[in-house]
$ cat start13.cif   # mmCIF, C-alpha atoms
data_query
#
loop_
_atom_site.label_atom_id
_atom_site.label_comp_id
_atom_site.auth_asym_id
_atom_site.auth_seq_id
_atom_site.Cartn_x
_atom_site.Cartn_y
_atom_site.Cartn_z
CA MET N 63 7.67 6.72 19.32
CA ASP N 64 10.35 6.28 16.65
CA VAL N 65 11.55 9.72 15.49
CA ARG N 66 14.20 10.28 12.85
CA LEU N 67 15.80 13.35 11.29
CA GLY N 68 16.25 13.38 7.53
CA ASN N 69 14.26 15.33 4.96
CA GLY N 70 12.27 16.85 7.81
CA ILE N 71 11.06 14.90 10.82
CA HIS N 72 10.33 11.32 9.82
CA LEU N 73 7.88 9.17 11.77
CA PRO N 74 8.39 5.75 10.13
CA GLY N 75 5.75 4.07 12.29
CA CYS N 76 3.00 5.97 10.50
CA ASP N 77 4.88 6.79 7.27
CA LEU N 78 4.59 10.54 7.86
CA ARG N 79 7.03 13.41 7.47
CA LEU N 80 6.83 16.82 9.09
CA ASP N 81 8.27 19.82 7.19
CA PRO N 82 10.29 17.86 4.62
CA ARG N 83 12.18 19.91 2.02
CA ARG N 84 12.02 17.31 -0.77
CA LYS N 85 8.75 15.96 -2.13
CA VAL N 86 7.27 12.96 -0.27
CA PRO N 87 3.98 11.04 -0.48
CA LEU N 88 2.48 12.44 2.76
CA ALA N 89 3.60 15.48 4.75
CA VAL N 90 2.44 18.13 7.16
CA VAL N 91 3.74 21.66 6.52
CA SER N 92 3.84 23.59 9.78
CA HIS N 93 4.05 27.08 8.24
CA ALA N 94 4.81 28.95 5.04
CA HIS N 95 8.42 30.07 5.54
CA SER N 96 10.47 28.74 2.64
CA ASP N 97 12.75 26.62 4.84
CA HIS N 98 9.72 24.59 5.94
CA ALA N 99 7.18 24.83 3.11
CA GLY N 100 6.91 22.58 0.07
CA TRP N 101 4.31 20.87 -2.07
CA HIS N 102 3.95 17.11 -1.60
CA THR N 103 1.75 14.39 -3.07
CA VAL N 104 -0.56 14.88 -0.10
CA THR N 105 0.08 18.18 1.70
CA ILE N 106 -1.56 18.82 5.08
CA ALA N 107 -1.51 22.38 6.43
CA SER N 108 -3.69 25.16 7.80
CA PHE N 109 -5.85 27.22 5.44
CA ALA N 110 -3.67 30.32 5.90
CA THR N 111 -0.44 28.37 5.33
CA ILE N 112 -1.78 26.99 2.05
CA ASP N 113 -2.82 30.49 0.92
CA LEU N 114 0.59 31.94 1.80
CA MET N 115 2.33 29.11 -0.05
CA LYS N 116 0.12 29.66 -3.10
CA ALA N 117 1.06 33.35 -3.10
CA ARG N 118 4.67 32.33 -3.68
CA LYS N 119 4.35 29.24 -5.85
CA PRO N 120 1.38 27.62 -7.63
CA VAL N 121 0.16 24.21 -6.52
CA PRO N 122 1.69 21.62 -8.87
CA SER N 123 -0.48 19.10 -10.64
CA GLY N 124 -0.98 15.84 -8.78
CA CYS N 125 -0.82 17.52 -5.36
CA THR N 126 -3.73 16.85 -3.00
CA LEU N 127 -4.33 19.53 -0.36
CA ILE N 128 -5.73 18.73 3.07
CA GLU N 129 -6.56 22.11 4.65
CA LEU N 130 -7.35 22.01 8.36
CA ASP N 131 -8.63 24.43 10.97
CA TYR N 132 -6.91 24.48 14.33
CA GLY N 133 -8.26 21.63 16.42
CA GLU N 134 -9.50 19.73 13.35
CA THR N 135 -8.25 16.16 12.92
CA TYR N 136 -7.28 14.27 9.78
CA CYS N 137 -6.92 10.50 9.98
CA THR N 138 -4.73 8.17 7.96
CA ASP N 139 -4.78 4.41 8.37
CA ARG N 140 -2.05 4.70 11.02
CA ALA N 141 -2.34 8.15 12.61
CA ARG N 142 -4.59 10.95 13.79
CA ILE N 143 -3.17 14.36 12.86
CA THR N 144 -4.36 17.55 14.58
CA LEU N 145 -3.07 21.11 14.07
CA LEU N 146 -2.65 23.51 17.00
CA PRO N 147 -1.66 27.21 16.88
CA ALA N 148 2.10 27.84 17.04
CA GLY N 149 2.17 31.64 17.41
CA HIS N 150 5.03 31.98 14.89
CA ILE N 151 3.35 33.58 11.85
CA LEU N 152 -0.16 33.57 10.39
CA GLY N 153 -1.33 29.96 9.98
CA SER N 154 1.66 28.43 11.73
CA ALA N 155 0.82 25.15 13.40
CA GLN N 156 2.12 22.64 15.87
CA VAL N 157 1.32 19.08 14.86
CA LEU N 158 -0.16 16.54 17.26
CA VAL N 159 0.26 12.99 15.96
CA GLU N 160 -1.56 10.15 17.72
CA THR N 161 -0.74 6.54 16.87
CA GLU N 162 -0.70 3.14 18.57
CA GLU N 163 2.78 4.12 19.82
CA GLY N 164 1.45 7.16 21.70
CA ARG N 165 1.10 10.94 21.31
CA LEU N 166 3.77 13.13 19.72
CA LEU N 167 3.74 16.93 19.51
CA TYR N 168 5.92 18.68 16.92
CA THR N 169 6.22 22.41 17.61
CA GLY N 170 7.64 23.55 14.28
CA ASP N 171 8.81 27.15 14.69
CA PHE N 172 6.80 28.68 17.52
CA LYS N 173 6.64 31.29 20.23
CA ARG N 174 4.45 31.74 23.30
CA ARG N 175 4.56 35.55 23.48
CA GLU N 176 1.63 37.64 22.32
CA SER N 177 1.45 38.74 18.68
CA LEU N 178 -0.62 41.33 16.81
CA THR N 179 -0.86 39.29 13.62
CA CYS N 180 -1.15 35.60 14.42
CA GLU N 181 -2.86 33.17 16.73
CA GLU N 182 -1.60 32.60 20.28
CA ALA N 183 0.29 29.33 20.71
CA ALA N 184 -1.47 26.41 22.37
CA SER N 185 -0.07 23.30 24.00
CA ALA N 186 -1.15 19.68 24.33
CA LYS N 187 -0.18 16.75 26.49
CA ALA N 188 2.15 14.37 24.67
CA GLY N 189 4.58 11.66 25.68
CA THR N 190 7.05 12.70 22.97
CA LEU N 191 7.91 16.30 22.06
CA VAL N 192 9.89 17.35 18.98
CA MET N 193 10.87 20.95 19.61
CA GLU N 194 12.61 23.63 17.57
CA CYS N 195 15.04 25.57 19.76
CA THR N 196 16.48 28.35 17.61
CA PHE N 197 17.07 30.41 20.76
CA GLY N 198 17.60 27.48 23.09
CA HIS N 199 20.54 29.03 24.91
CA LEU N 200 20.19 30.52 28.39
CA ARG N 201 21.49 33.90 27.20
CA TYR N 202 18.39 34.44 25.06
CA ALA N 203 15.75 36.02 27.25
CA PHE N 204 13.80 38.52 25.18
CA PRO N 205 12.67 41.83 26.71
CA PRO N 206 8.93 42.59 27.04
CA VAL N 207 7.27 42.86 23.63
CA GLU N 208 5.58 46.16 24.54
CA ARG N 209 8.96 47.75 25.24
CA VAL N 210 10.46 46.58 21.96
CA ARG N 211 7.45 47.88 20.03
CA GLU N 212 7.82 51.30 21.62
CA GLU N 213 11.56 51.37 20.87
CA ILE N 214 10.84 50.65 17.20
CA LEU N 215 8.22 53.42 17.07
CA ASN N 216 10.61 55.87 18.73
CA PHE N 217 13.35 54.97 16.24
CA CYS N 218 10.97 55.74 13.37
CA ARG N 219 9.62 58.97 14.88
CA GLN N 220 13.09 60.29 15.68
CA SER N 221 14.39 59.51 12.20
CA LEU N 222 11.45 61.18 10.47
CA SER N 223 11.73 64.25 12.70
CA GLU N 224 15.30 64.66 11.44
CA GLY N 225 14.30 64.30 7.80
CA VAL N 226 15.77 60.81 7.59
CA THR N 227 14.02 57.75 6.14
CA PRO N 228 13.79 54.95 8.72
CA ILE N 229 14.33 51.56 7.08
CA LEU N 230 13.12 48.49 8.97
CA LEU N 231 14.81 45.31 7.75
CA ALA N 232 12.46 42.37 8.22
CA TYR N 233 11.36 39.17 6.47
CA SER N 234 8.68 39.62 3.86
CA LEU N 235 6.54 37.04 5.66
CA GLY N 236 5.74 37.30 9.35
CA LYS N 237 7.99 39.99 10.76
CA SER N 238 7.00 42.65 8.20
CA GLN N 239 3.31 42.13 8.92
CA GLU N 240 3.96 42.43 12.66
CA LEU N 241 5.73 45.74 12.00
CA LEU N 242 2.80 46.98 9.91
CA ALA N 243 0.44 46.18 12.77
CA ILE N 244 2.72 48.00 15.24
CA LEU N 245 2.83 51.06 12.99
CA ALA N 246 -0.88 50.99 12.14
CA GLY N 247 -1.98 53.28 14.97
CA SER N 248 1.03 55.61 14.90
CA ALA N 249 -0.10 58.06 12.18
CA MET N 250 3.21 57.48 10.39
CA GLU N 251 3.03 56.67 6.68
CA VAL N 252 4.50 53.36 5.60
CA ALA N 253 5.84 52.03 2.29
CA VAL N 254 6.71 48.34 1.84
CA HIS N 255 8.65 46.25 -0.65
CA ARG N 256 6.55 44.42 -3.23
CA SER N 257 7.28 41.03 -1.64
CA VAL N 258 5.96 42.35 1.68
CA GLY N 259 2.82 43.56 -0.09
CA VAL N 260 2.16 40.13 -1.59
CA MET N 261 2.27 38.42 1.79
CA SER N 262 0.34 41.22 3.50
CA ALA N 263 -2.53 40.80 1.05
CA VAL N 264 -2.97 37.22 2.27
CA TYR N 265 -3.04 38.45 5.87
CA GLY N 266 -5.80 40.85 4.86
CA LYS N 267 -7.74 38.01 3.26
CA HIS N 268 -7.64 36.22 6.61
CA GLY N 269 -8.93 39.24 8.51
CA VAL N 270 -5.69 40.63 9.94
CA ASP N 271 -5.76 44.45 10.01
CA LEU N 272 -2.36 45.83 9.02
CA GLY N 273 -3.39 49.45 8.62
CA LYS N 274 -2.63 51.58 5.57
CA TYR N 275 0.54 51.23 3.54
CA THR N 276 1.77 51.79 -0.01
CA LEU N 277 4.06 49.70 -2.19
CA TRP N 278 7.57 51.07 -2.51
CA ASP N 279 8.46 51.98 -6.10
CA GLY N 280 12.08 52.69 -5.28
CA LYS N 281 11.58 56.39 -4.70
CA ASN N 282 8.29 57.07 -2.84
CA HIS N 283 9.77 56.73 0.65
CA THR N 284 10.38 60.36 1.62
CA GLY N 285 8.62 61.10 4.89
CA LYS N 286 7.64 57.47 5.29
CA VAL N 287 8.77 54.40 7.19
CA LEU N 288 10.18 51.85 4.75
CA ILE N 289 9.87 48.11 5.40
CA ILE N 290 12.02 45.88 3.20
CA PRO N 291 13.56 42.39 3.44
CA PRO N 292 17.27 42.41 4.39
CA ASN N 293 18.28 40.73 1.13
CA THR N 294 16.73 43.59 -0.87
CA ARG N 295 18.98 46.09 0.87
CA LEU N 296 22.03 43.87 0.52
CA SER N 297 21.39 43.47 -3.21
CA GLY N 298 22.55 47.06 -3.75
CA GLN N 299 19.41 49.23 -3.64
CA LYS N 300 20.35 52.45 -1.90
CA VAL N 301 18.13 54.93 -0.08
CA GLU N 302 19.80 58.27 0.42
CA LYS N 303 19.55 60.00 3.81
CA SER N 304 18.34 56.92 5.64
CA ARG N 305 18.80 55.10 8.93
CA SER N 306 18.31 51.34 9.11
CA ALA N 307 17.38 48.86 11.84
CA VAL N 308 17.25 45.07 11.70
CA ILE N 309 14.27 43.45 13.41
CA SER N 310 15.34 40.05 14.72
CA GLY N 311 15.75 37.93 17.81
CA TRP N 312 19.46 37.91 16.96
CA ALA N 313 19.49 41.59 17.96
CA MET N 314 20.25 40.19 21.43
CA ASP N 315 23.77 39.52 20.14
CA SER N 316 26.17 42.46 20.46
CA SER N 317 27.39 41.83 16.90
CA ALA N 318 23.95 42.24 15.30
CA ILE N 319 24.45 45.84 14.15
CA TYR N 320 27.82 45.09 12.58
CA ARG N 321 26.72 41.80 11.03
CA ASN N 322 23.70 43.44 9.41
CA ARG N 323 25.50 46.71 8.59
CA CYS N 324 22.74 48.81 10.14
CA ASP N 325 22.30 51.57 12.71
CA ALA N 326 20.11 49.77 15.23
CA ALA N 327 18.81 46.32 16.09
CA PHE N 328 15.57 45.47 17.89
CA PRO N 329 14.95 42.00 19.41
CA LEU N 330 11.44 41.37 18.11
CA SER N 331 11.36 37.62 17.41
CA ASP N 332 8.81 35.13 16.15
CA HIS N 333 10.62 32.30 17.96
CA ALA N 334 10.45 31.22 21.60
CA ASP N 335 13.28 32.23 23.89
CA HIS N 336 14.94 29.89 26.39
CA GLY N 337 12.36 30.47 29.13
CA GLU N 338 9.43 29.89 26.79
CA LEU N 339 10.96 26.65 25.58
CA ILE N 340 11.23 25.37 29.16
CA GLU N 341 7.61 26.41 29.86
CA HIS N 342 6.40 24.56 26.78
CA VAL N 343 8.18 21.36 27.74
CA GLU N 344 6.66 21.52 31.20
CA GLU N 345 3.14 22.12 29.88
CA THR N 346 3.24 19.16 27.51
CA GLY N 347 4.43 16.79 30.25
CA ALA N 348 6.63 15.06 27.67
CA LYS N 349 8.72 12.15 28.89
CA LYS N 350 10.99 12.26 25.82
CA VAL N 351 12.11 15.46 24.07
CA PHE N 352 13.93 15.69 20.74
CA THR N 353 15.50 19.09 19.93
CA VAL N 354 15.89 20.29 16.35
CA HIS N 355 17.15 23.53 14.75
CA GLY N 356 19.27 25.93 16.74
CA PHE N 357 20.96 25.32 20.07
CA THR N 358 19.96 21.68 20.03
CA GLU N 359 22.70 20.16 22.17
CA GLU N 360 22.77 23.03 24.66
CA PHE N 361 19.02 22.96 25.22
CA ALA N 362 18.87 19.17 25.42
CA GLY N 363 21.55 19.39 28.09
CA ASP N 364 19.50 21.96 30.02
CA LEU N 365 16.51 19.62 29.93
CA ARG N 366 18.56 16.66 31.12
CA ALA N 367 19.73 18.79 34.05
CA LEU N 368 16.04 19.13 34.93
CA GLY N 369 15.62 15.35 34.85
CA ILE N 370 13.96 15.19 31.42
CA ASP N 371 15.06 12.61 28.85
CA ALA N 372 16.22 14.82 25.95
CA LEU N 373 18.20 14.18 22.78
CA ALA N 374 19.47 16.61 20.13
CA LEU N 375 18.49 15.44 16.65
CA GLY N 376 20.48 18.14 14.88
CA GLY N 377 23.41 20.41 15.58
CA GLY N 378 24.41 23.92 14.59
CA ASN N 379 22.56 27.20 14.94
CA GLN N 380 19.54 27.96 12.75
CA LEU N 381 20.11 31.61 11.91
CA GLU N 382 17.11 33.71 10.92
CA LEU N 383 17.79 34.09 7.22
CA PHE N 384 15.82 35.75 4.43
CA ARG N 385 12.37 34.21 4.21
#
$ encode --input "start13.cif" --output "structure tokens"
Amino acid sequence: MDVRLGNGIHLPGCDLRLDPRRKVPLAVVSHAHSDHAGWHTVTIASFATIDLMKARKPVPSGCTLIELDYGETYCTDRARITLLPAGHILGSAQVLVETEEGRLLYTGDFKRRESLTCEEAASAKAGTLVMECTFGHLRYAFPPVERVREEILNFCRQSLSEGVTPILLAYSLGKSQELLAILAGSAMEVAVHRSVGVMSAVYGKHGVDLGKYTLWDGKNHTGKVLIIPPNTRLSGQKVEKSRSAVISGWAMDSSAIYRNRCDAAFPLSDHADHGELIEHVEETGAKKVFTVHGFTEEFAGDLRALGIDALALGGGNQLELFR
């Protein structure tokens, strides 16, 4: 199947784009993070993704929405499009495209590890696989999720016991909700930035229990765990007598604490690590793999060493930025 990189993933054989940034006639949006989401003339996405996108930006006039459940298929005159869970954030989807040329699976951002706040990733057989590989380097092997959760809880408990406000630096969408779910049964009080509250309300609408929390007004954090996006902290808002931790897969890097100017770093990621990427390739049975976002050339090389035809569509590392 012909696959091209440019304004998202372009499949010219069926005139379809996956996660384009600029407006196009027909597109599938895999999830609601701002580096993937956008309104198009015809926008195909999961119900939760559409709701999360609406919470940030109204639907423009002239935009037709095609909202799909997982496993539901939408047909154009040249393709069958089916969404599968991606395990990245609420509503995130892999995209199975079936045409006369064959079957293609686009992972979008995904992970295979268990999550408290989103659907477990699925897989599907496909001859062609387009795979994001943010952590597609052999050195990225994340520790067990249960251990990381306990380390985060211990960091918060220890800080509070010393009269210090623990600040967890996490994206407003996805990572913050996972932290709320981790903290929900801990008996610790939690305050969140307004942007986190907006996204969390959509999670609640879709039946995800995030426990109790209050919105941070800039001063009601004493004796509470504070969850804020990293860019909020970097914009100059100060919290006296505090201790901060960044929550990111990049915490695996020894420079994470210094780069984020924080006291601790915990490798809780919503992306697949190197081992998960290999597992996903094997499950799909893909004969041709295109790597996008992240360690594209390194991971494509690892696949070729395993006898799999792989090509990097993009270079450079996709850092987890502020979403």
$ closest_residue --input "start13.cif" --among "N:His283, N:Lys349, N:Arg256, N:His268" --to "Ile229 in chain N" --atoms "all atoms listed in the file"
N:His283
$ residues_around --input "start13.cif" --residues "range 115-120 of chain N" --least-positions-apart "6" --cutoff "9 Å" --atoms "all atoms listed in the file" --output "list in words"
His93, Ala94, His95, Ser96, Ala99, Gly100, Trp101, Val260, Met261 and Val264 of chain N
$ closest_residue --input "start13.cif" --among "N:Thr190, N:Thr126, N:Thr103, N:Ser177" --to "Leu88 in chain N" --atoms "only C-alpha atoms"
N:Thr103
$ closest_residue --input "start13.cif" --among "N:Leu241, N:Val91, N:Leu146, N:Val287" --to "Leu222 in chain N" --atoms "only C-alpha atoms"
N:Val287
$ residues_near_point --input "start13.cif" --point "(8.3, 28.8, 15.1)" --cutoff "7 Å" --atoms "only C-alpha atoms" --output "PyMOL selection string"
chain N and resi 148+150+170-173+332-333
$ residues_near_point --input "start13.cif" --point "(20.4, 61.7, 4.4)" --cutoff "10 Å" --atoms "all atoms listed in the file" --output "number ranges by chain"
N: 224-227, 301-305
$ atom_distance --input "start13.cif" --atom1 "CA of Ala246 in chain N" --atom2 "CA of Lys274 in chain N"
6.8 Å
$ resolve_selection --input "start13.cif" --expression "the PyMOL selection byres ((chain N and resi 372) around 10)" --output "number ranges by chain"
N: 190-192, 348-353, 358-359, 361-371, 373-375
$ write_last_selection --input "start13.cif" --atoms "C-alpha atoms" --output "PDB file, in the coordinates of the input"
ATOM      1  CA  THR N 190       7.050  12.700  22.970  1.00  0.00           C
ATOM      2  CA  LEU N 191       7.910  16.300  22.060  1.00  0.00           C
ATOM      3  CA  VAL N 192       9.890  17.350  18.980  1.00  0.00           C
ATOM      4  CA  ALA N 348       6.630  15.060  27.670  1.00  0.00           C
ATOM      5  CA  LYS N 349       8.720  12.150  28.890  1.00  0.00           C
ATOM      6  CA  LYS N 350      10.990  12.260  25.820  1.00  0.00           C
ATOM      7  CA  VAL N 351      12.110  15.460  24.070  1.00  0.00           C
ATOM      8  CA  PHE N 352      13.930  15.690  20.740  1.00  0.00           C
ATOM      9  CA  THR N 353      15.500  19.090  19.930  1.00  0.00           C
ATOM     10  CA  THR N 358      19.960  21.680  20.030  1.00  0.00           C
ATOM     11  CA  GLU N 359      22.700  20.160  22.170  1.00  0.00           C
ATOM     12  CA  PHE N 361      19.020  22.960  25.220  1.00  0.00           C
ATOM     13  CA  ALA N 362      18.870  19.170  25.420  1.00  0.00           C
ATOM     14  CA  GLY N 363      21.550  19.390  28.090  1.00  0.00           C
ATOM     15  CA  ASP N 364      19.500  21.960  30.020  1.00  0.00           C
ATOM     16  CA  LEU N 365      16.510  19.620  29.930  1.00  0.00           C
ATOM     17  CA  ARG N 366      18.560  16.660  31.120  1.00  0.00           C
ATOM     18  CA  ALA N 367      19.730  18.790  34.050  1.00  0.00           C
ATOM     19  CA  LEU N 368      16.040  19.130  34.930  1.00  0.00           C
ATOM     20  CA  GLY N 369      15.620  15.350  34.850  1.00  0.00           C
ATOM     21  CA  ILE N 370      13.960  15.190  31.420  1.00  0.00           C
ATOM     22  CA  ASP N 371      15.060  12.610  28.850  1.00  0.00           C
ATOM     23  CA  LEU N 373      18.200  14.180  22.780  1.00  0.00           C
ATOM     24  CA  ALA N 374      19.470  16.610  20.130  1.00  0.00           C
ATOM     25  CA  LEU N 375      18.490  15.440  16.650  1.00  0.00           C
TER      26      LEU N 375
END
$ closest_residue --input "start13.cif" --among "N:Leu145, N:Leu166, N:Leu130, N:Val210" --to "Asp64 in chain N" --atoms "all atoms listed in the file"
N:Leu166
$ closest_atom_pairs --input "start13.cif" --of "range 142-261 of chain N" --to "range 318-330 of chain N" --cutoff "12 Å" --atoms "all atoms listed in the file" --output "Markdown table"
| residue | atom | partner | partner_atom | distance |
| --- | --- | --- | --- | --- |
| N:His150 | CA | N:Leu330 | CA | 11.8 |
| N:Lys173 | CA | N:Leu330 | CA | 11.4 |
| N:Arg175 | CA | N:Leu330 | CA | 10.5 |
| N:Glu176 | CA | N:Leu330 | CA | 11.3 |
| N:Ser177 | CA | N:Leu330 | CA | 10.3 |
| N:Phe197 | CA | N:Pro329 | CA | 11.9 |
| N:Tyr202 | CA | N:Pro329 | CA | 10.0 |
| N:Ala203 | CA | N:Pro329 | CA | 9.9 |
| N:Phe204 | CA | N:Pro329 | CA | 6.8 |
| N:Pro205 | CA | N:Pro329 | CA | 7.6 |
| N:Pro206 | CA | N:Leu330 | CA | 9.4 |
| N:Val207 | CA | N:Leu330 | CA | 7.1 |
| N:Glu208 | CA | N:Leu330 | CA | 9.9 |
| N:Arg209 | CA | N:Leu330 | CA | 9.9 |
| N:Val210 | CA | N:Leu330 | CA | 6.6 |
| N:Arg211 | CA | N:Leu330 | CA | 7.9 |
| N:Glu212 | CA | N:Phe328 | CA | 10.4 |
| N:Glu213 | CA | N:Phe328 | CA | 7.7 |
| N:Ile214 | CA | N:Phe328 | CA | 7.0 |
| N:Leu215 | CA | N:Phe328 | CA | 10.9 |
| N:Asn216 | CA | N:Phe328 | CA | 11.6 |
| N:Phe217 | CA | N:Ala326 | CA | 8.6 |
| N:Cys218 | CA | N:Ala326 | CA | 11.1 |
| N:Ser221 | CA | N:Asp325 | CA | 11.2 |
| N:Pro228 | CA | N:Asp325 | CA | 10.0 |
| N:Ile229 | CA | N:Cys324 | CA | 9.4 |
| N:Leu230 | CA | N:Ala327 | CA | 9.4 |
| N:Leu231 | CA | N:Cys324 | CA | 9.0 |
| N:Ala232 | CA | N:Leu330 | CA | 10.0 |
| N:Tyr233 | CA | N:Leu330 | CA | 11.8 |
| N:Gly236 | CA | N:Leu330 | CA | 11.2 |
| N:Lys237 | CA | N:Leu330 | CA | 8.2 |
| N:Ser238 | CA | N:Leu330 | CA | 10.9 |
| N:Glu240 | CA | N:Leu330 | CA | 9.3 |
| N:Leu241 | CA | N:Leu330 | CA | 9.4 |
| N:Ile244 | CA | N:Leu330 | CA | 11.3 |
$ resolve_selection --input "start13.cif" --expression "the PyMOL selection byres ((chain N and resi 85) around 10)" --output "ChimeraX atom specification"
/N:69,82-84,86-89,100-105
$ decode --input "start13.cif" --residues "range 357-378 of chain N" --atoms "N, CA and C atoms" --output "compact mmCIF listing (two decimals), in the first residue's frame"
# COMPACT_ATOMS: atom_id res chain seq x y z
N PHE N 357 12.24 7.51 17.63
CA PHE N 357 13.46 6.86 17.18
C PHE N 357 13.16 6.02 15.94
N THR N 358 12.81 6.72 14.87
CA THR N 358 12.32 6.05 13.67
C THR N 358 13.39 5.20 12.99
N GLU N 359 14.57 5.78 12.78
CA GLU N 359 15.61 5.05 12.07
C GLU N 359 16.18 3.92 12.92
N GLU N 360 16.34 4.19 14.23
CA GLU N 360 16.86 3.15 15.11
C GLU N 360 15.92 1.95 15.18
N PHE N 361 14.62 2.23 15.33
CA PHE N 361 13.68 1.12 15.47
C PHE N 361 13.50 0.37 14.14
N ALA N 362 13.48 1.11 13.04
CA ALA N 362 13.41 0.44 11.74
C ALA N 362 14.62 -0.48 11.55
N GLY N 363 15.77 -0.04 11.99
CA GLY N 363 16.96 -0.88 11.91
C GLY N 363 16.84 -2.14 12.76
N ASP N 364 16.26 -1.99 13.96
CA ASP N 364 16.04 -3.16 14.83
C ASP N 364 15.11 -4.17 14.16
N LEU N 365 14.09 -3.66 13.48
CA LEU N 365 13.15 -4.56 12.79
C LEU N 365 13.82 -5.26 11.62
N ARG N 366 14.63 -4.52 10.89
CA ARG N 366 15.33 -5.16 9.75
C ARG N 366 16.26 -6.26 10.24
N ALA N 367 16.86 -6.06 11.43
CA ALA N 367 17.72 -7.09 11.99
C ALA N 367 16.94 -8.36 12.32
N LEU N 368 15.61 -8.20 12.51
CA LEU N 368 14.74 -9.35 12.77
C LEU N 368 14.16 -9.92 11.48
N GLY N 369 14.57 -9.38 10.34
CA GLY N 369 14.11 -9.89 9.06
C GLY N 369 12.82 -9.27 8.57
N ILE N 370 12.43 -8.13 9.16
CA ILE N 370 11.18 -7.45 8.78
C ILE N 370 11.51 -6.25 7.90
N ASP N 371 10.80 -6.10 6.82
CA ASP N 371 10.98 -4.97 5.90
C ASP N 371 10.47 -3.71 6.58
N ALA N 372 11.36 -2.82 6.98
CA ALA N 372 10.97 -1.62 7.73
C ALA N 372 11.67 -0.40 7.17
N LEU N 373 10.93 0.71 7.18
CA LEU N 373 11.43 1.97 6.64
C LEU N 373 11.01 3.12 7.55
N ALA N 374 11.94 4.00 7.89
CA ALA N 374 11.64 5.18 8.70
C ALA N 374 11.07 6.28 7.80
N LEU N 375 9.85 6.72 8.12
CA LEU N 375 9.24 7.81 7.35
C LEU N 375 9.64 9.18 7.87
N GLY N 376 10.08 9.25 9.11
CA GLY N 376 10.47 10.53 9.68
C GLY N 376 11.64 10.36 10.62
N GLY N 377 12.41 11.41 10.80
CA GLY N 377 13.56 11.34 11.70
C GLY N 377 13.39 12.28 12.87
N GLY N 378 14.30 12.19 13.83
CA GLY N 378 14.26 13.05 15.00
C GLY N 378 13.38 12.51 16.09
